[in-house]
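Structure, as structure tokens:
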Amino acid sequence: MAPFSLPAPAKLNLFLHINGRRQDGYHLLQTLFVLLDHGDTLDFAPADTLSLRCDNPALPVNDDNLVLRAARLLQQETGHAAGARLHLRKRLPAGGGVGGGSSDAATALWGLNLLWGLDLDVDTLARLGLSLGADVPVFVRGRNAWAEGVGERLQAVELPPLWFLVVDPGVSVSTARIFGDGELTRHTPAITLPASLGAATFEAFLKEGHNDCEAVARRLFPAVDKALDWLQSEAGNARMTGTGACCFAHFADQQDAHNALRHLPEYWTGFVARSTEISPLHEALATLRARQNSGPA
């Protein structure tokens with residue numbers, strides 16, 4: 001198969017409520033995942049052995065890298081012995097709460113499934129993804145989703161197109177550190193998925209929902225605290241995504257979001273992105289499959 005590239009999109013948690021803790025230490029939560037049209041890119045090429053390069057020298061490409069772990073997991077599960085030459089082009093910050101590593105892993109699963117001709121279905125890939133991380137299945141399935149449990153119980157939802165400014169305050173936040181903090185709120189009452197998730201319901205989520213990890217991150221990481229305050233002053237709304245460090249605000253349209261981005265303090269970075277109903281990964285996969293099925297011109 002000829003070399004190809006696939007996107008690994010970012011996500012935001014519009015809210016993140018922690019409802020309790022299991023006996024094994026994992027936290028029970030409710031969240032709303034939104035997929036964005038901005039993210040990393042993973043290049044695939046056939047090869048005799050498995051290798052990974054990354055254009056960000058700060059990101060290790062050792063056995064802990066989720067892309068390599070996803071590839072080896074597929075080999076183990078299927079007995080497939082072929083290799084692949086992988087090149088990860090990073091745009092998403094590590095430890096940013098926008099799902100960079102999890103999304104990269106999901107894209108690796110789908111891309112190698114295609115490259116190696118494994119023909120595994122979405123449920124199988126999501127099951128494998130869950131063993132790599134709680135957020136991986138939402139990227140495998142490729143839909144905006146309401147999530148419960150430890151994040152593995154997903155229900156696809158439809159949302160209106162939304163524009164966001166995402167700010168990276170330049171710090172990497174450890175999920176384990178946030179979830180292990182003694183002051184983390186772990187008793188937010190569970191809520192029910194609304195029958196409709198239109199514009200009015202979304203606005204209610206922004207106003208009434210919250211991120212239980214935010215107070216801990218503000219205390220431990222002053223840059224997160226400052227980024228949230230800056231976004232609140234610019235947009236009138238601000239929230240941290242996941243366990244941090246990235247923060248976001250919702251804007252009425254693309255122009256308003258770009259106007260705010262131009263005012264971003266130079267010591268931070270940020271990007272404007274739109275939510276997508278179908279993941280850019282799944283759109284790219286559909287294009288590749290159509291090209292394969294059409295055959296030579």
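Every chain in the structure tokens takes a letter, A first, then B, and so on in the order presented; its residues are numbered from 1, and the ligands are numbered from 1 following the presented order.
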
12 Å contact set for Leu162 of chain A, only C-alpha atoms, chain neighbours under 3 positions out, as a PDB file with N, CA and C atoms, in the first residue's frame:
ATOM      1  N   LEU A  12     -11.954  18.618  23.398  1.00  0.00           N
ATOM      2  CA  LEU A  12     -12.184  19.418  24.586  1.00  0.00           C
ATOM      3  C   LEU A  12     -13.207  18.706  25.454  1.00  0.00           C
ATOM      4  N   LEU A  14     -16.218  19.775  27.523  1.00  0.00           N
ATOM      5  CA  LEU A  14     -17.024  20.961  27.793  1.00  0.00           C
ATOM      6  C   LEU A  14     -17.320  21.088  29.279  1.00  0.00           C
ATOM      7  N   VAL A  34     -15.878  16.907  22.905  1.00  0.00           N
ATOM      8  CA  VAL A  34     -16.088  17.574  21.619  1.00  0.00           C
ATOM      9  C   VAL A  34     -14.801  17.450  20.807  1.00  0.00           C
ATOM     10  N   LEU A  35     -14.897  16.942  19.587  1.00  0.00           N
ATOM     11  CA  LEU A  35     -13.743  16.780  18.704  1.00  0.00           C
ATOM     12  C   LEU A  35     -13.561  18.034  17.852  1.00  0.00           C
ATOM     13  N   LEU A  36     -12.304  18.391  17.612  1.00  0.00           N
ATOM     14  CA  LEU A  36     -11.978  19.627  16.905  1.00  0.00           C
ATOM     15  C   LEU A  36     -11.334  19.345  15.552  1.00  0.00           C
ATOM     16  N   ASP A  37     -11.314  20.375  14.701  1.00  0.00           N
ATOM     17  CA  ASP A  37     -10.704  20.248  13.368  1.00  0.00           C
ATOM     18  C   ASP A  37      -9.233  20.672  13.393  1.00  0.00           C
ATOM     19  N   ASN A 144     -18.534  13.198  18.684  1.00  0.00           N
ATOM     20  CA  ASN A 144     -18.742  13.897  19.942  1.00  0.00           C
ATOM     21  C   ASN A 144     -19.552  12.991  20.856  1.00  0.00           C
ATOM     22  N   GLU A 158     -25.103  14.804  19.066  1.00  0.00           N
ATOM     23  CA  GLU A 158     -24.991  15.811  18.014  1.00  0.00           C
ATOM     24  C   GLU A 158     -24.980  17.185  18.660  1.00  0.00           C
ATOM     25  N   LEU A 159     -24.048  18.012  18.221  1.00  0.00           N
ATOM     26  CA  LEU A 159     -23.914  19.365  18.741  1.00  0.00           C
ATOM     27  C   LEU A 159     -23.912  20.359  17.593  1.00  0.00           C
ATOM     28  N   LEU A 165     -11.452  29.235  21.084  1.00  0.00           N
ATOM     29  CA  LEU A 165     -10.051  29.609  21.215  1.00  0.00           C
ATOM     30  C   LEU A 165      -9.472  28.747  22.321  1.00  0.00           C
ATOM     31  N   GLY A 198     -28.948  20.912  21.674  1.00  0.00           N
ATOM     32  CA  GLY A 198     -28.900  22.039  20.762  1.00  0.00           C
ATOM     33  C   GLY A 198     -28.162  23.212  21.383  1.00  0.00           C
ATOM     34  N   ALA A 199     -28.263  24.348  20.733  1.00  0.00           N
ATOM     35  CA  ALA A 199     -27.504  25.518  21.154  1.00  0.00           C
ATOM     36  C   ALA A 199     -27.857  25.943  22.577  1.00  0.00           C
ATOM     37  N   PHE A 202     -26.304  23.588  25.076  1.00  0.00           N
ATOM     38  CA  PHE A 202     -24.859  23.811  25.132  1.00  0.00           C
ATOM     39  C   PHE A 202     -24.535  25.027  25.984  1.00  0.00           C
ATOM     40  N   GLU A 203     -25.280  26.104  25.802  1.00  0.00           N
ATOM     41  CA  GLU A 203     -25.040  27.308  26.601  1.00  0.00           C
ATOM     42  C   GLU A 203     -25.254  27.005  28.083  1.00  0.00           C
ATOM     43  N   PHE A 248      -9.991  26.935  27.412  1.00  0.00           N
ATOM     44  CA  PHE A 248     -10.693  27.331  26.190  1.00  0.00           C
ATOM     45  C   PHE A 248     -11.844  28.263  26.511  1.00  0.00           C
ATOM     46  N   ALA A 249     -12.255  28.969  25.465  1.00  0.00           N
ATOM     47  CA  ALA A 249     -13.449  29.801  25.524  1.00  0.00           C
ATOM     48  C   ALA A 249     -14.227  29.607  24.236  1.00  0.00           C
ATOM     49  N   HIS A 250     -15.532  29.726  24.340  1.00  0.00           N
ATOM     50  CA  HIS A 250     -16.420  29.593  23.188  1.00  0.00           C
ATOM     51  C   HIS A 250     -16.729  30.969  22.624  1.00  0.00           C
ATOM     52  N   PHE A 251     -16.724  31.068  21.289  1.00  0.00           N
ATOM     53  CA  PHE A 251     -17.017  32.339  20.614  1.00  0.00           C
ATOM     54  C   PHE A 251     -18.160  32.144  19.615  1.00  0.00           C
ATOM     55  N   ALA A 252     -18.829  33.237  19.333  1.00  0.00           N
ATOM     56  CA  ALA A 252     -19.991  33.174  18.446  1.00  0.00           C
ATOM     57  C   ALA A 252     -19.599  32.786  17.028  1.00  0.00           C
ATOM     58  N   ASP A 253     -18.406  33.207  16.585  1.00  0.00           N
ATOM     59  CA  ASP A 253     -17.992  32.887  15.225  1.00  0.00           C
ATOM     60  C   ASP A 253     -16.471  32.871  15.145  1.00  0.00           C
ATOM     61  N   GLN A 254     -15.979  32.471  13.977  1.00  0.00           N
ATOM     62  CA  GLN A 254     -14.539  32.331  13.767  1.00  0.00           C
ATOM     63  C   GLN A 254     -13.811  33.655  13.913  1.00  0.00           C
ATOM     64  N   ALA A 257     -13.198  34.681  17.502  1.00  0.00           N
ATOM     65  CA  ALA A 257     -12.157  33.857  18.115  1.00  0.00           C
ATOM     66  C   ALA A 257     -10.771  34.296  17.664  1.00  0.00           C
ATOM     67  N   VAL A 272      -7.271  28.560  17.130  1.00  0.00           N
ATOM     68  CA  VAL A 272      -8.718  28.624  16.912  1.00  0.00           C
ATOM     69  C   VAL A 272      -9.136  27.340  16.212  1.00  0.00           C
ATOM     70  N   ALA A 273     -10.216  26.738  16.669  1.00  0.00           N
ATOM     71  CA  ALA A 273     -10.680  25.489  16.070  1.00  0.00           C
ATOM     72  C   ALA A 273     -12.198  25.429  16.132  1.00  0.00           C
ATOM     73  N   ARG A 274     -12.741  24.624  15.228  1.00  0.00           N
ATOM     74  CA  ARG A 274     -14.192  24.415  15.162  1.00  0.00           C
ATOM     75  C   ARG A 274     -14.497  22.973  15.549  1.00  0.00           C
ATOM     76  N   SER A 275     -15.605  22.783  16.241  1.00  0.00           N
ATOM     77  CA  SER A 275     -16.028  21.424  16.548  1.00  0.00           C
ATOM     78  C   SER A 275     -16.532  20.743  15.280  1.00  0.00           C
ATOM     79  N   THR A 276     -16.411  19.429  15.238  1.00  0.00           N
ATOM     80  CA  THR A 276     -16.826  18.661  14.066  1.00  0.00           C
ATOM     81  C   THR A 276     -17.814  17.586  14.489  1.00  0.00           C
ATOM     82  N   GLU A 277     -18.796  17.329  13.643  1.00  0.00           N
ATOM     83  CA  GLU A 277     -19.766  16.266  13.954  1.00  0.00           C
ATOM     84  C   GLU A 277     -19.129  14.895  13.765  1.00  0.00           C
TER      85      GLU A 277
END

*Quick one: DSSP alpha helix (DSSP H) residues in segment 80-296 of chain A, as a PyMOL selection string?*
chain A and resi 100-115+122-130+136-141+175-179+199-208+214-220+222-235+254-262+280-294

*Between atom CA of Leu154 of chain A and atom CA of Leu130 of chain A, measure the distance and give it in Å to one decimal.*
11.7 Å

*Residue contacts of Ala10 of chain A (8 Å, only C-alpha atoms) excluding same-chain residues fewer than 6 positions away, as a list in words*: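 The contact residues come out as Leu35, Leu36, Asp37, His38, Gly39, Asp40, Leu92, Val98, Gly99, Gly100 and Ser103 of chain A.
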
Take the residues just selected and output them with C-alpha atoms as a short mmCIF file (atom, residue, chain, number, x, y, z; two decimals), in the first residue's frame.
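So selection_31.cif came out as:
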data_model
loop_
_atom_site.label_atom_id
_atom_site.label_comp_id
_atom_site.auth_asym_id
_atom_site.auth_seq_id
_atom_site.Cartn_x
_atom_site.Cartn_y
_atom_site.Cartn_z
CA LEU A 35 -13.74 16.78 18.70
CA LEU A 36 -11.98 19.63 16.91
CA ASP A 37 -10.70 20.25 13.37
CA HIS A 38 -7.15 20.81 14.67
CA GLY A 39 -4.58 18.27 15.78
CA ASP A 40 -1.54 16.13 15.07
CA LEU A 92 -0.86 19.44 20.28
CA VAL A 98 -6.59 18.10 24.61
CA GLY A 99 -6.04 14.37 24.07
CA GLY A 100 -2.86 14.49 22.02
CA SER A 103 -5.73 10.73 19.74
#

*Neighbours of Thr188 of chain A within 7 Å (only C-alpha atoms; same-chain residues fewer than 4 positions away dropped), as a PyMOL selection string?*
chain A and resi 17-19

_Selected residue of minimal separation from Leu193 of chain A among A:Ala147, A:Leu109, A:Ala58, A:Leu228, counting only C-alpha atoms_ =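 With only C-alpha atoms as the atom set, the closest residue is A:Ala147.
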
Hey, could you make a per-residue contact list for segment 109-153 of chain A against segment 63-78 of chain A with 8 Å as the cut-off, showing the nearest pair of atoms and its distance in Å to one decimal, counting only C-alpha atoms, sorted by chain and number, as CSV?
residue,atom,partner,partner_atom,distance
A:Leu109,CA,A:Ala70,CA,6.1
A:Leu112,CA,A:Ala71,CA,7.1
A:Leu118,CA,A:Thr78,CA,7.8
A:Leu128,CA,A:Leu73,CA,7.6
A:Gly129,CA,A:Ala70,CA,7.6
A:Leu132,CA,A:Ala70,CA,7.2

What does the file look like for those residues with N, CA, C and O atoms, as a CSV table (one decimal), in the first residue's frame?
chain,number,residue,atom,x,y,z
A,109,LEU,N,-4.0,3.1,15.6
A,109,LEU,CA,-4.9,1.8,15.5
A,109,LEU,C,-5.6,1.8,14.2
A,109,LEU,O,-5.6,0.8,13.5
A,112,LEU,N,-2.9,1.6,11.1
A,112,LEU,CA,-2.3,0.3,10.9
A,112,LEU,C,-3.3,-0.8,10.6
A,112,LEU,O,-3.0,-1.8,9.8
A,118,LEU,N,-6.0,-5.5,8.3
A,118,LEU,CA,-6.5,-6.4,9.4
A,118,LEU,C,-8.1,-6.4,9.4
A,118,LEU,O,-8.6,-7.4,9.9
A,128,LEU,N,-9.5,-2.3,22.2
A,128,LEU,CA,-8.0,-2.3,22.3
A,128,LEU,C,-7.6,-0.9,22.8
A,128,LEU,O,-6.7,-0.8,23.6
A,129,GLY,N,-8.2,0.1,22.3
A,129,GLY,CA,-7.9,1.5,22.7
A,129,GLY,C,-8.0,1.7,24.2
A,129,GLY,O,-7.2,2.4,24.8
A,132,LEU,N,-5.2,1.1,26.3
A,132,LEU,CA,-4.1,2.1,26.2
A,132,LEU,C,-4.4,3.4,27.0
A,132,LEU,O,-3.5,4.1,27.4

*Measuring atom to atom with only C-alpha atoms, identify which of A:Gly209, A:Ser102, A:Leu115, A:Trp163 is nearest to Ala235 of chain A.*
A:Trp163
